[in-house]
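Everything below belongs to query-v8.cif, which stores mmCIF, C-alpha atoms.
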data_my_file
#
loop_
_atom_site.group_PDB
_atom_site.id
_atom_site.type_symbol
_atom_site.label_atom_id
_atom_site.label_comp_id
_atom_site.auth_asym_id
_atom_site.auth_seq_id
_atom_site.Cartn_x
_atom_site.Cartn_y
_atom_site.Cartn_z
ATOM 1 C CA MET W 1 3.131 10.117 -34.000
ATOM 2 C CA LEU W 2 1.263 7.160 -32.481
ATOM 3 C CA ARG W 3 4.544 5.535 -31.483
ATOM 4 C CA ALA W 4 5.753 8.753 -29.853
ATOM 5 C CA LEU W 5 2.552 9.112 -27.818
ATOM 6 C CA LEU W 6 2.773 5.491 -26.685
ATOM 7 C CA ALA W 7 6.358 6.045 -25.566
ATOM 8 C CA MET W 8 5.340 9.164 -23.642
ATOM 9 C CA SER W 9 2.497 7.281 -21.942
ATOM 10 C CA VAL W 10 4.804 4.482 -20.857
ATOM 11 C CA CYS W 11 7.365 6.998 -19.578
ATOM 12 C CA VAL W 12 4.767 8.839 -17.510
ATOM 13 C CA ALA W 13 3.395 5.559 -16.151
ATOM 14 C CA VAL W 14 6.864 4.469 -15.054
ATOM 15 C CA THR W 15 7.493 7.862 -13.448
ATOM 16 C CA ALA W 16 4.213 7.681 -11.538
ATOM 17 C CA SER W 17 4.872 4.128 -10.344
ATOM 18 C CA ALA W 18 8.399 5.090 -9.267
ATOM 19 C CA GLN W 19 7.057 7.811 -6.975
ATOM 20 C CA LYS W 20 8.150 6.994 -3.435
ATOM 21 C CA ALA W 21 5.587 6.362 -0.733
ATOM 22 C CA THR W 22 3.300 9.187 0.371
ATOM 23 C CA HIS W 23 0.397 9.473 2.790
ATOM 24 C CA THR W 24 -2.323 12.103 2.446
ATOM 25 C CA ILE W 25 -3.450 13.395 5.817
ATOM 26 C CA LEU W 26 -5.803 16.088 4.514
ATOM 27 C CA ASP W 27 -6.961 16.880 1.010
ATOM 28 C CA GLU W 28 -10.354 15.901 -0.409
ATOM 29 C CA ASN W 29 -11.178 13.925 2.757
ATOM 30 C CA VAL W 30 -12.309 16.585 5.233
ATOM 31 C CA ASP W 31 -15.281 14.509 6.427
ATOM 32 C CA ASP W 32 -12.893 11.717 7.453
ATOM 33 C CA VAL W 33 -10.682 14.161 9.357
ATOM 34 C CA LEU W 34 -13.671 15.744 11.088
ATOM 35 C CA ALA W 35 -14.688 12.273 12.288
ATOM 36 C CA TYR W 36 -11.464 11.771 14.239
ATOM 37 C CA ILE W 37 -10.508 15.250 15.503
ATOM 38 C CA THR W 38 -12.976 15.103 18.377
ATOM 39 C CA SER W 39 -11.025 16.811 21.197
ATOM 40 C CA GLY W 40 -10.489 20.519 21.825
ATOM 41 C CA GLU W 41 -12.613 23.651 22.015
ATOM 42 C CA GLY W 42 -12.095 24.882 18.454
ATOM 43 C CA THR W 43 -15.038 24.642 16.047
ATOM 44 C CA PRO W 44 -14.156 22.543 12.985
ATOM 45 C CA ALA W 45 -16.032 22.492 9.678
ATOM 46 C CA LYS W 46 -15.611 21.713 6.001
ATOM 47 C CA SER W 47 -14.968 24.797 3.871
ATOM 48 C CA SER W 48 -15.091 25.375 0.105
ATOM 49 C CA ASP W 49 -12.236 27.883 0.460
ATOM 50 C CA ALA W 50 -9.434 25.529 -0.586
ATOM 51 C CA PHE W 51 -5.754 25.687 -1.479
ATOM 52 C CA SER W 52 -6.313 22.866 -3.974
ATOM 53 C CA GLY W 53 -9.333 20.814 -4.943
ATOM 54 C CA SER W 54 -12.757 21.783 -3.630
ATOM 55 C CA GLU W 55 -12.550 21.615 0.158
ATOM 56 C CA SER W 56 -10.417 22.433 3.186
ATOM 57 C CA LEU W 57 -10.636 22.155 6.953
ATOM 58 C CA GLU W 58 -11.500 25.309 8.866
ATOM 59 C CA VAL W 59 -11.113 25.610 12.629
ATOM 60 C CA GLY W 60 -12.856 28.471 14.368
ATOM 61 C CA ALA W 61 -11.199 29.877 17.467
ATOM 62 C CA THR W 62 -13.776 31.631 19.611
ATOM 63 C CA GLY W 63 -12.161 30.802 22.948
ATOM 64 C CA GLY W 64 -10.591 28.119 25.055
ATOM 65 C CA ASP W 65 -7.722 26.240 23.470
ATOM 66 C CA ALA W 66 -8.809 27.238 19.917
ATOM 67 C CA GLN W 67 -7.905 23.865 18.487
ATOM 68 C CA ARG W 68 -9.210 20.479 17.382
ATOM 69 C CA TYR W 69 -7.110 17.349 17.752
ATOM 70 C CA ASN W 70 -6.600 13.637 18.273
ATOM 71 C CA ALA W 71 -3.398 12.280 19.820
ATOM 72 C CA ALA W 72 -4.066 8.734 18.605
ATOM 73 C CA VAL W 73 -5.669 8.756 15.163
ATOM 74 C CA PRO W 74 -6.871 5.251 14.214
ATOM 75 C CA ASP W 75 -4.291 3.338 12.141
ATOM 76 C CA TRP W 76 -1.637 6.041 12.533
ATOM 77 C CA SER W 77 1.830 4.722 13.323
ATOM 78 C CA PHE W 78 4.084 6.532 10.868
ATOM 79 C CA GLY W 79 7.817 6.189 11.353
ATOM 80 C CA ILE W 80 9.699 9.474 10.878
ATOM 81 C CA SER W 81 13.316 8.678 10.012
ATOM 82 C CA GLU W 82 16.398 9.914 8.197
ATOM 83 C CA ASN W 83 16.195 7.238 5.500
ATOM 84 C CA PRO W 84 12.586 6.107 5.150
ATOM 85 C CA SER W 85 12.163 2.909 3.170
ATOM 86 C CA GLY W 86 8.883 1.209 4.064
ATOM 87 C CA ASP W 87 5.465 2.347 2.894
ATOM 88 C CA ASN W 88 4.742 3.557 6.438
ATOM 89 C CA GLU W 89 7.960 5.592 6.861
ATOM 90 C CA PHE W 90 8.444 9.251 5.950
ATOM 91 C CA ARG W 91 10.781 12.190 6.408
ATOM 92 C CA TYR W 92 8.938 15.251 5.074
ATOM 93 C CA ILE W 93 5.574 16.938 5.520
ATOM 94 C CA THR W 94 3.925 19.435 3.174
ATOM 95 C CA PHE W 95 0.939 21.498 4.297
ATOM 96 C CA ALA W 96 -1.020 24.577 3.245
ATOM 97 C CA TRP W 97 -2.677 27.011 5.629
ATOM 98 C CA LYS W 98 -4.054 30.513 6.017
ATOM 99 C CA LYS W 99 -5.497 32.673 8.788
ATOM 100 C CA ASP W 100 -8.315 35.217 8.888
ATOM 101 C CA GLY W 101 -6.512 37.880 10.899
ATOM 102 C CA GLY W 102 -5.210 37.519 14.412
ATOM 103 C CA THR W 103 -1.531 36.798 14.936
ATOM 104 C CA SER W 104 -1.051 33.016 15.012
ATOM 105 C CA ILE W 105 -1.735 29.619 13.449
ATOM 106 C CA MET W 106 -0.233 26.247 14.382
ATOM 107 C CA ILE W 107 -0.060 22.565 13.493
ATOM 108 C CA GLN W 108 0.993 20.145 16.232
ATOM 109 C CA LEU W 109 2.102 16.574 15.625
ATOM 110 C CA HIS W 110 1.773 13.997 18.392
ATOM 111 C CA GLY W 111 4.430 11.318 18.520
ATOM 112 C CA ASP W 112 6.445 8.829 20.502
ATOM 113 C CA PRO W 113 8.650 10.081 22.051
ATOM 114 C CA ASP W 114 7.919 13.691 23.084
ATOM 115 C CA THR W 115 4.103 13.571 22.704
ATOM 116 C CA TRP W 116 3.075 17.018 21.326
ATOM 117 C CA GLY W 117 6.662 18.239 21.087
ATOM 118 C CA HIS W 118 6.604 18.592 17.264
ATOM 119 C CA ARG W 119 4.985 21.905 16.336
ATOM 120 C CA TYR W 120 4.958 24.474 13.503
ATOM 121 C CA HIS W 121 3.496 27.953 13.825
ATOM 122 C CA GLY W 122 2.999 30.863 11.485
ATOM 123 C CA GLY W 123 3.212 34.366 12.932
ATOM 124 C CA ASP W 124 3.415 34.448 16.730
ATOM 125 C CA ASN W 125 3.311 31.515 19.119
ATOM 126 C CA VAL W 126 0.523 33.118 21.152
ATOM 127 C CA LYS W 127 -0.138 30.079 23.362
ATOM 128 C CA GLY W 128 3.546 29.682 24.196
ATOM 129 C CA TRP W 129 3.403 25.979 23.315
ATOM 130 C CA ASN W 130 6.992 24.796 22.891
ATOM 131 C CA PRO W 131 9.027 23.455 21.285
ATOM 132 C CA SER W 132 7.721 24.963 18.050
ATOM 133 C CA GLU W 133 9.359 25.977 14.767
ATOM 134 C CA GLN W 134 8.192 29.244 13.218
ATOM 135 C CA VAL W 135 7.212 28.856 9.570
ATOM 136 C CA GLY W 136 7.174 32.412 8.255
ATOM 137 C CA ASP W 137 4.840 35.290 9.008
ATOM 138 C CA LEU W 138 1.116 34.931 9.598
ATOM 139 C CA PRO W 139 -0.284 33.429 6.350
ATOM 140 C CA THR W 140 -3.161 35.786 5.492
ATOM 141 C CA SER W 141 -3.542 34.033 2.125
ATOM 142 C CA TRP W 142 -2.988 30.386 1.204
ATOM 143 C CA THR W 143 0.648 29.443 1.741
ATOM 144 C CA ASP W 144 2.194 25.997 1.307
ATOM 145 C CA ASN W 145 5.214 24.766 3.239
ATOM 146 C CA THR W 146 7.457 21.715 3.209
ATOM 147 C CA ARG W 147 9.372 20.729 6.353
ATOM 148 C CA ASP W 148 12.027 18.097 7.060
ATOM 149 C CA LEU W 149 10.528 16.306 10.053
ATOM 150 C CA PHE W 150 13.675 14.340 10.819
ATOM 151 C CA ASP W 151 15.891 17.421 10.666
ATOM 152 C CA ASP W 152 13.486 19.348 12.901
ATOM 153 C CA TRP W 153 12.647 16.661 15.474
ATOM 154 C CA GLY W 154 14.737 13.523 14.950
ATOM 155 C CA GLU W 155 13.226 10.046 14.834
ATOM 156 C CA PHE W 156 9.735 9.545 16.223
ATOM 157 C CA THR W 157 6.521 7.673 15.520
ATOM 158 C CA LEU W 158 3.707 9.978 14.418
ATOM 159 C CA THR W 159 0.378 9.072 16.014
ATOM 160 C CA GLY W 160 -1.799 12.209 16.002
ATOM 161 C CA ILE W 161 -2.366 15.790 14.914
ATOM 162 C CA ALA W 162 -3.786 19.074 16.217
ATOM 163 C CA PHE W 163 -5.105 21.984 14.152
ATOM 164 C CA SER W 164 -4.642 25.057 16.333
ATOM 165 C CA SER W 165 -6.027 28.411 15.192
ATOM 166 C CA GLY W 166 -4.432 30.323 18.031
ATOM 167 C CA ASP W 167 -6.160 33.577 18.813
ATOM 168 C CA GLY W 168 -9.799 34.162 18.090
ATOM 169 C CA ASN W 169 -9.763 34.041 14.288
ATOM 170 C CA THR W 170 -10.533 31.151 11.957
ATOM 171 C CA GLY W 171 -7.685 29.141 10.440
ATOM 172 C CA TRP W 172 -7.823 26.972 7.320
ATOM 173 C CA TYR W 173 -5.764 23.860 6.524
ATOM 174 C CA ASP W 174 -5.390 21.898 3.292
ATOM 175 C CA ALA W 175 -3.105 19.647 1.214
ATOM 176 C CA ILE W 176 -1.270 17.963 4.098
ATOM 177 C CA THR W 177 0.909 15.087 2.933
ATOM 178 C CA LEU W 178 3.717 12.971 4.378
ATOM 179 C CA HIS W 179 6.369 11.999 1.841
ATOM 180 C CA GLN W 180 9.784 10.381 1.478
ATOM 181 C CA ASP W 181 11.310 12.643 -1.173
ATOM 182 C CA PRO W 182 12.319 16.210 -0.294
ATOM 183 C CA SER W 183 10.077 17.696 -3.000
ATOM 184 C CA PRO W 184 6.280 17.550 -2.611
ATOM 185 C CA PRO W 185 4.566 14.627 -4.361
ATOM 186 C CA THR W 186 3.595 15.048 -8.012
ATOM 187 C CA ALA W 187 1.619 11.847 -8.521
ATOM 188 C CA VAL W 188 -1.618 13.673 -9.386
ATOM 189 C CA GLU W 189 0.154 15.704 -12.053
ATOM 190 C CA ALA W 190 1.643 12.541 -13.554
ATOM 191 C CA GLN W 191 -1.756 10.829 -13.635
ATOM 192 C CA ASP W 192 -3.276 13.868 -15.343
ATOM 193 C CA LYS W 193 -0.573 13.757 -18.022
ATOM 194 C CA LEU W 194 -1.110 10.044 -18.548
ATOM 195 C CA ALA W 195 -4.880 10.521 -18.911
ATOM 196 C CA THR W 196 -4.268 13.274 -21.479
ATOM 197 C CA ALA W 197 -1.909 11.046 -23.448
ATOM 198 C CA TRP W 198 -4.399 8.177 -23.575
ATOM 199 C CA ALA W 199 -7.212 10.548 -24.525
ATOM 200 C CA THR W 200 -5.092 11.717 -27.477
ATOM 201 C CA LEU W 201 -4.385 8.134 -28.532
ATOM 202 C CA LYS W 202 -8.044 7.111 -28.350
ATOM 203 C CA SER W 203 -9.080 10.023 -30.536
ATOM 204 C CA ARG W 204 -6.895 8.776 -33.437
#
In structure tokens, what does this structure look like?
Amino acid sequence: MLRALLAMSVCVAVTASAQKATHTILDENVDDVLAYITSGEGTPAKSSDAFSGSESLEVGATGGDAQRYNAAVPDWSFGISENPSGDNEFRYITFAWKKDGGTSIMIQLHGDPDTWGHRYHGGDNVKGWNPSEQVGDLPTSWTDNTRDLFDDWGEFTLTGIAFSSGDGNTGWYDAITLHQDPSPPTAVEAQDKLATAWATLKSR
């Protein structure tokens, strides 16, 4: 039994280490995100209403542009490409969002080239900001999505992000990750399994 558990632990460790590069934009780091999204007339805050973990970003939309953004986030220079290989290169983005009524929610990605020309919206595109890809109906409950950035927009260098709540109602954002594999990252799950395996070993 001990040998089997050791083998499982090694297998999980190898699987976790083999996970291709990822970069977490937003998860349990809302304070960091709030520190750099300093432009726009939306009202950002940390919320305990989360898709995963204990916190999410909420952006109130009481008027104006209803968004919060930064076109040049410090240390952001992520290459979006068809075949990402370096630790700073990605192809896919996964994000979760929801909206408290209204008709629209949006995420905008700033890049070189095309500046803000990389957008995803749920529901209607009420601001008429284009180009933008519609990602389903308005998400009135937490909904997660994975998009192929290269397929949608071609090669570009990602430098910034905008959280745009659209039309008068609060939007929430959580679990935003860049990744190289088409499926969302599972590194946390693998680490949890490894911790469980070692806990079992230590108890014997």
Using all atoms listed in the file, which residues sit within 8 Å of region 126-139 of chain W once same-chain residues fewer than 4 positions away are excluded, as a list in words?
->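 That gives Trp97, Lys98, Lys99, Thr103, Ser104, Ile105, Gly117, His118, Arg119, Tyr120, His121, Gly122, Thr143, Asn145, Gly166 and Asp167 of chain W.
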All residues 10 Å or closer to Ser81 (chain W), all atoms listed in the file, same chain fewer than 4 positions away omitted, as JSON, numbers by chain = {"W": [85, 89, 90, 91, 92, 148, 149, 150, 151, 153, 154, 155, 156, 157, 180]}
Applied to this file, what does the PyMOL selection byres ((chain W and resi 74) around 9) return in terms of residues, put as a PyMOL selection string?
-> chain W and resi 36+72-73+75-77+159-160
Name the residues captured by the PyMOL selection byres ((chain W and resi 31) around 12) when it is applied to the shown file; answer as an MDAnalysis selection string.
-> chainID W and resid 25:30 32:37 44:47 55:58
C-alpha atoms of the current selection, written as a PDB file, keeping the file's coordinate frame:
ATOM      1  CA  ILE W  25      -3.450  13.395   5.817  1.00  0.00           C
ATOM      2  CA  LEU W  26      -5.803  16.088   4.514  1.00  0.00           C
ATOM      3  CA  ASP W  27      -6.961  16.880   1.010  1.00  0.00           C
ATOM      4  CA  GLU W  28     -10.354  15.901  -0.409  1.00  0.00           C
ATOM      5  CA  ASN W  29     -11.178  13.925   2.757  1.00  0.00           C
ATOM      6  CA  VAL W  30     -12.309  16.585   5.233  1.00  0.00           C
ATOM      7  CA  ASP W  32     -12.893  11.717   7.453  1.00  0.00           C
ATOM      8  CA  VAL W  33     -10.682  14.161   9.357  1.00  0.00           C
ATOM      9  CA  LEU W  34     -13.671  15.744  11.088  1.00  0.00           C
ATOM     10  CA  ALA W  35     -14.688  12.273  12.288  1.00  0.00           C
ATOM     11  CA  TYR W  36     -11.464  11.771  14.239  1.00  0.00           C
ATOM     12  CA  ILE W  37     -10.508  15.250  15.503  1.00  0.00           C
ATOM     13  CA  PRO W  44     -14.156  22.543  12.985  1.00  0.00           C
ATOM     14  CA  ALA W  45     -16.032  22.492   9.678  1.00  0.00           C
ATOM     15  CA  LYS W  46     -15.611  21.713   6.001  1.00  0.00           C
ATOM     16  CA  SER W  47     -14.968  24.797   3.871  1.00  0.00           C
ATOM     17  CA  GLU W  55     -12.550  21.615   0.158  1.00  0.00           C
ATOM     18  CA  SER W  56     -10.417  22.433   3.186  1.00  0.00           C
ATOM     19  CA  LEU W  57     -10.636  22.155   6.953  1.00  0.00           C
ATOM     20  CA  GLU W  58     -11.500  25.309   8.866  1.00  0.00           C
TER      21      GLU W  58
END
Between CA of Gly101 (chain W) and CA of Gly60 (chain W) lies a distance of 11.9 Å
Starting from the displayed file, determine the output of the PyMOL selection byres ((chain W and resi 179) around 8) and express the residue list as a PyMOL selection string.
-> chain W and resi 20-23+90-94+177-178+180-182+184-185
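In this structure, CA of Phe78 (chain W) sits 5.0 Å away from CA of Leu158 (chain W).
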Computed gap from CA of Thr115 (chain W) to CA of Ser39 (chain W) is 15.5 Å
Using all atoms listed in the file, which of W:Ser141, W:Thr38, W:Ser52, W:Ser164 sits nearest Asn125 (chain W)?
->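 Looking at the shortest contact to Asn125 (chain W), the residue is W:Ser164.
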Enclose the full set of atoms of region 148-156 of chain W listed in the file within a box whose edges lie along x, y and z, apply 8 Å of padding to each of the six sides, and report centre and edge lengths in Å to one decimal as AutoDock Vina command-line options.
--center_x 12.8 --center_y 14.4 --center_z 11.6 --size_x 22.2 --size_y 25.8 --size_z 25.2
Which residue out of W:Tyr173, W:Glu82, W:Gly64, W:Asp144 has the minimum interatomic distance to Ala50 (chain W) when all atoms listed in the file are used?
->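 Between W:Tyr173, W:Glu82, W:Gly64, W:Asp144, the residue approaching Ala50 (chain W) most closely is W:Tyr173.
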Residue contacts of Phe163 (chain W) (7 Å, all atoms listed in the file) excluding same-chain residues fewer than 4 positions away, as a ChimeraX atom specification | /W:67-69,106-108
Can you work out which one of W:Asp100, W:Asp49, W:Glu41, W:Asp112 has the shortest atom-to-atom distance to Thr62 (chain W), counting all atoms listed in the file?
-> W:Glu41
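When only C-alpha atoms are used to compute distances to Gly42 (chain W), the closest of the residues W:Ser54, W:Leu109, W:Asp114, W:Val59 turns out to be W:Val59.
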